[in-house]
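Engineer: Encoded as structure tokens, here's the structure I'll be asking about.
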Amino acid sequence: MPKSKVRKKTDYTINTANRTPVKVTAGPSGVVYKTFMFGFMLVGLAWLLVYYLAASGYDSAFGKDGQFLHWMNTLGQWNLLIGFSLGVIGLLMTMGWR
């Protein structure tokens with residue numbers, strides 16, 4: 001049986017011109033950025049806690065049947081969207097934190 005031809009493969013070399021390191025000149029994030037970032041996360045957590053504890057519609061220290069936070073109780077399940085959205089905004093801001 002005849003032997004097949006052996007093809008020579010070309011060596012793969014990495015182009016070093018595209019792999020030059022770039023120095024980042026941006027400094028650390030400011031205090032205001034960090035304050036807003038952590039603020040969004042904490043306000044989102046606080047919103048969810050207040051919704052579950054005070055505006056749930058049960059007899060509590062804040063008034064009978066959630067009267068103290070009636071406006072929050074009327075939002076219903078939208079409170080979950082608001083609370084989680086605030087927390088996610090804070091978490092997304094961590095990607096820009098230096």
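Chains: A, B, ... in order of the structure tokens. Residues: from 1 per chain. Ligands: from 1, in order shown.
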As a PyMOL selection string, please: the residues near Tyr33 of chain A (cut-off 12 Å, only C-alpha atoms, same-chain neighbours under 6 positions excluded).

Structural biologist: chain A and resi 39-40+90+93-98

Engineer: Include N, CA and C atoms and write out the residues we just selected as a tab-separated table (two decimals), in the first residue's frame.

Structural biologist:
```tsv
chain	number	residue	atom	x	y	z
A	39	GLY	N	-23.90	53.20	49.14
A	39	GLY	CA	-25.21	53.73	49.48
A	39	GLY	C	-26.33	53.01	48.74
A	40	PHE	N	-26.14	52.80	47.44
A	40	PHE	CA	-27.15	52.07	46.67
A	40	PHE	C	-27.36	50.67	47.22
A	90	GLY	N	-25.79	49.25	42.74
A	90	GLY	CA	-24.58	49.33	43.55
A	90	GLY	C	-23.56	48.27	43.16
A	93	MET	N	-21.86	49.15	39.95
A	93	MET	CA	-20.89	50.23	40.15
A	93	MET	C	-19.55	49.68	40.65
A	94	THR	N	-19.54	48.50	41.25
A	94	THR	CA	-18.27	47.94	41.73
A	94	THR	C	-17.33	47.61	40.57
A	95	MET	N	-17.87	47.43	39.37
A	95	MET	CA	-17.00	47.17	38.22
A	95	MET	C	-16.14	48.37	37.85
A	96	GLY	N	-16.58	49.55	38.20
A	96	GLY	CA	-15.81	50.76	37.91
A	96	GLY	C	-14.97	51.24	39.08
A	97	TRP	N	-15.02	50.49	40.17
A	97	TRP	CA	-14.30	50.89	41.39
A	97	TRP	C	-12.82	50.56	41.23
A	98	ARG	N	-11.97	51.56	41.46
A	98	ARG	CA	-10.52	51.35	41.36
A	98	ARG	C	-9.88	51.55	42.69
```

Engineer: Hey, what's within 12 Å of Phe36 of chain A if we count only C-alpha atoms and toss same-chain stuff fewer than 6 positions away? As a ChimeraX atom specification, please?

Structural biologist: /A:29-30,42-44,86-87,89-94,97

Engineer: Rounded to one decimal, what separation in Å do you get between atom CA of Gln77 of chain A and atom CA of Tyr52 of chain A?

Structural biologist: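 Atom CA of Gln77 of chain A sits 10.7 Å away from atom CA of Tyr52 of chain A.
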
Engineer: In Å, rounded to a single decimal, give me how far atom CA of Thr74 of chain A is from atom CA of Trp47 of chain A.

Structural biologist: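 Separation of atom CA of Trp47 of chain A and atom CA of Thr74 of chain A: 14.4 Å.
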
Engineer: Work out how far apart atom CA of Leu53 of chain A and atom CA of Met41 of chain A are and give it in Å to one decimal.

Structural biologist: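 Distance reported for this atom pair: 18.4 Å.
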